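Undergrad: Quick one: the structure is below, questions incoming.
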Amino acid sequence: MDNRAALSDSNDFSGSSSICCVAATTESLCSDASPPDVSALRRLSENLELAFESSEFDYFADAKIVVAGGRAVPVHRCILAARSAFFKSVLAGARKEKEATFEMKELGKEFDVGYDSLVAVLGYLYSGRVGPLPKSVCACVDEDCCHSACKPAVDFMVEVLYASFAFQISELVALYQRRLIDILDKVAPDDIIGVLSVANLCSKSCERLLARCIEIIVKSDVDVVTLEKALPQEIVQQIIDSRLEFGCIDPQSTSSPDKHVKRIYRALDSDDVELLRMLLKEGHTTLDDAYALHYAVAFADAKTTTELLDLGLADVNHRNHRGYTVLHIAAMRKEPKIIVSLLTKGARPADVTPDHRNALQIAKRLTRAVDYHKSTEEGKPSPKDQLCIEVLEQAERPDPLIGEASVSLAMAGDELRMRLLYLENRVGLAKLIFPMEAKVAMDIAQVDGTSEFTLTAIRPRNLADTQRKTVDLNDAPFRIKEEYLNRLRALSKTVELGKRFFPRCSEVLNKIMDADDLSDLAYLGNDTAEERNLKKRRYMELQDLLSKAFNEDKEEHDKSRISSSSSSTSPGIGRTNGKRVWKG
């Protein structure tokens with residue numbers, strides 16, 4: 001019995017569920033139960049667990065709990081009401097409804113709980129058993145990590161802890177509080193802030209966890225600004241007082257920035273770059289002295305951060321008092337647009353933190369492997385976590401091939417009209433197939449600030465007999481040429497950013513754009529019915545080519561991810577033989 005963490009009877013906890021004991025393995029045993037009783041309890045637990053896990057029992061479910069993103073977990077009201085006083089109270093108000101739907105954000109009002117964590121808590125309510133942490137959702141992308149204290153593991157435990165608190169399952173709160181306390185010494189200080197925040201929400205139920213988190217943060221080098229952004233003021237003040245009591249003299253750890261730096265931060269918070277310019281002209285401080293770029297990358301809007309970079313007044317490789325560069329902070333935030341902007345401005349991806357981690361390693365340690373290995377459907381945005389890692393991996397490699405993006409662009413030659421037509425087609429296609437990657441590149445290239453050169457204004461060369469309706473950019477007046485030259489530059493930069501940071505996407509687009517008659521399809525003019533039918537057939541062929549190219553790229557990319565992973569299978573959560581189970 002020494003390998004099990006048995007919990008006392010739930011009658012010792014007010015409002016908790018009624019279960020006599022819980023094992024840390026997948027068994028539920030009572031120390032005073034005779035062998036026949038143990039066998040009966042095990043069968044009961046397994047049957048109830050099957051009712052929750054098997055899709056065959058979804059038909060009998062009379063309620064469902066929906067998490068962020070729309071994923072729903074079917075449940076049985078009678079079981080939840082019998083096992084939890086919280087659910088008994090909540091479900092009493094929905095007795096007349098044939099199938100009640102509950103939003104998790106309404107059940108747990110102060111903190112978001114994901115699908116995986118909800119399944120773990122509800123699984124306990126059904127079976128009375130608590131298993132080990134599911135490797136599939138508690139593993140990060142970093143192959144050198146033991147996955148016991150990385151952010152995915154910590155986030156899972158914190159979410160289970162809070163859901164248990166919200167559902168008034170006191171014995172589960174106690175168990176996960178102990179689990180978190182056991183690993184806190186291995187958790188990064190920035191991740192402990194999240195644990196501390198939830199422990200504070202759970203108040204008296206997590207007093208030991210709260211005290212231990214505060215103790216670690218007091219001794220850490222996390223600055224006051226970061227603490228003020230994440231924690232209640234009374235907790236921040238308690239940390240500052242403790243640091244002063246222990247003799248900490250670092251001003252970043254014991255006091256807020258001076259008034260001039262605070263004004264710069266407020267300007268960034270309000271996205272007012274012009275006000276920032278005025279403050280800098282006063283000469284009280286510089287962007288580097290105020291760590292303004294670090295602040296913007298951590299907390300400001302991505303557009304504001306890009307505008308701040310465009311001022312050219314800050315060192316993109318400047319280190320803060322913790323030894324972190326701006327790119328390290330960007331990797332923690334996991335915003336691909338900011339990371340690409342920094343890299344284009346000269347940020348060094350090889351720079352390491354005092355504990356010898358570069359930006360790529362930071363991003364990998366923060367990202368769940370199950371999310372990174374997940375295939376993206378055609379036309380759906382790629383996850384930001386996944387994009388950040390891909391961009392940083394690409395940044396560590398030599399730049400891709402220099403030259404034209406594809407054969408068809410080279411064939412367009414120097415004629416502005418044909419190059420602009422090609423770029424409009426290519427970027428428009430990228431928006432359809434790779435929407436997130438395209439948005440990152442277009443935002444940085446500031447495409448939205450230019451005038452679109454519509455395809456209906458283009459006259460293909462081989463349709464000489466049709467009526468001319470286009471403006472020839474090579475012969476147009478200077479005003480019109482400059483307008484579309486700006487568009488040409490922005491689209492060209494978009495394509496170049498795609499080649500550098502999203503080469504797999506660029507290769508797919510090359511295959512499609514190199515179809516020699518793609519531009520003809522955009523022009524109908526005075527075509528005959530036969531010519532239109534011919535174009536329609538060619539359009540369908542290109543559509544098949546598009547789908548095939550995308551699927552081939554997805555298969556190749558999935559294989560490369562799997563081969564780079566230490567496990568032989570991609571982790572995930574799903575159904576096997578009709579069951580809601582963990583894979584990994």
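We label chains A, B, ... in the order they appear in the structure tokens, count residues from 1 in each chain, and number ligands from 1 in the order shown.
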Name the residues in contact with region 283-291 of chain A at a cut-off of 12 Å, using only C-alpha atoms, excluding same-chain residues fewer than 3 positions from it; report them as a PyMOL selection string.
TA: chain A and resi 223+225+252+256-265+268+276-280+294-298+308-309+311-326+329
Undergrad: Choose the residue, out of A:Glu396, A:Asp301, A:Glu335, A:Glu46, that has the smallest atom-to-atom separation from Gln361 (chain A); count only C-alpha atoms.
TA: A:Glu396
Undergrad: Please run DSSP on the backbone and report, as an MDAnalysis selection string, all residues within region 99-306 of chain A that come out as strand (DSSP E).
TA: chainID A and resid 100:103
Undergrad: I'd like to know which of A:Val66, A:Val119, A:Ile216, A:Leu133 is closest to Lys105 (chain A), using only C-alpha atoms.
TA: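 Once distances to Lys105 (chain A) are computed over only C-alpha atoms, the minimum belongs to A:Val66.
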Undergrad: Show me, as a tab-separated table, the residues of region 207-284 of chain A having an atom within 10 Å of region 171-178 of chain A, each with the closest atom pair and its distance in Å, using only C-alpha atoms.
TA:
```
residue	atom	partner	partner_atom	distance
A:Glu207	CA	A:Gln177	CA	9.3
A:Arg208	CA	A:Gln177	CA	8.0
A:Leu209	CA	A:Gln177	CA	6.2
A:Leu210	CA	A:Gln177	CA	9.5
```
Undergrad: So that I can see what lies close to region 63-65 of chain A, please list as a list in words the residues with an atom at most 9 Å from it, counting only C-alpha atoms and leaving out residues fewer than 5 positions away in the same chain.
TA: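 That gives Arg71, Ala72, Val73, Pro74, Val75, His76, Arg77, Lys98, Glu99, Ala100, Thr101, Phe102, Glu103, Met104 and Leu118 of chain A.
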Undergrad: Just the selected residues (C-alpha atoms), exported as a JSON list (two decimals), in the first residue's frame, please.
TA:
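Resulting contents of again.json:
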```
[["chain", "number", "residue", "atom", "x", "y", "z"],
["A", 71, "ARG", "CA", -15.62, 21.03, -27.27],
["A", 72, "ALA", "CA", -18.29, 19.34, -25.17],
["A", 73, "VAL", "CA", -18.14, 16.57, -22.58],
["A", 74, "PRO", "CA", -21.40, 14.54, -22.26],
["A", 75, "VAL", "CA", -22.30, 13.82, -18.61],
["A", 76, "HIS", "CA", -25.05, 12.15, -16.58],
["A", 77, "ARG", "CA", -26.74, 14.49, -14.12],
["A", 98, "LYS", "CA", -34.23, 17.33, -21.39],
["A", 99, "GLU", "CA", -30.58, 18.05, -22.12],
["A", 100, "ALA", "CA", -28.89, 20.83, -20.18],
["A", 101, "THR", "CA", -25.79, 22.60, -21.48],
["A", 102, "PHE", "CA", -23.33, 24.26, -19.12],
["A", 103, "GLU", "CA", -20.43, 26.50, -20.10],
["A", 104, "MET", "CA", -17.23, 25.78, -18.19],
["A", 118, "LEU", "CA", -12.10, 18.82, -17.19]]
```
Undergrad: Return the single residue from A:Cys248, A:Leu488, A:Leu432, A:Val113 that is closest to Phe165 (chain A), with distances computed using only C-alpha atoms.
TA: A:Val113
Undergrad: Looking at A:Ala120, A:Val370, A:Val187, A:Leu125, which one is nearest to Ala149 (chain A), with distances taken over only C-alpha atoms?
TA: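 Looking at the shortest contact to Ala149 (chain A), the residue is A:Val187.
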Undergrad: Could you check which of A:Glu530, A:Asp250, A:Glu437, A:Glu143 is closest to Phe502 (chain A), using only C-alpha atoms?
TA: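 Under the stated criterion, the closest residue is A:Glu437.
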Undergrad: If we count only C-alpha atoms, what is near Gln238 (chain A) at a cut-off of 12 Å, once residues fewer than 4 positions away on the same chain are taken out, given as a ChimeraX atom specification?
TA: /A:211,214-215,217-218,224,227-228,231-234,242-245,254
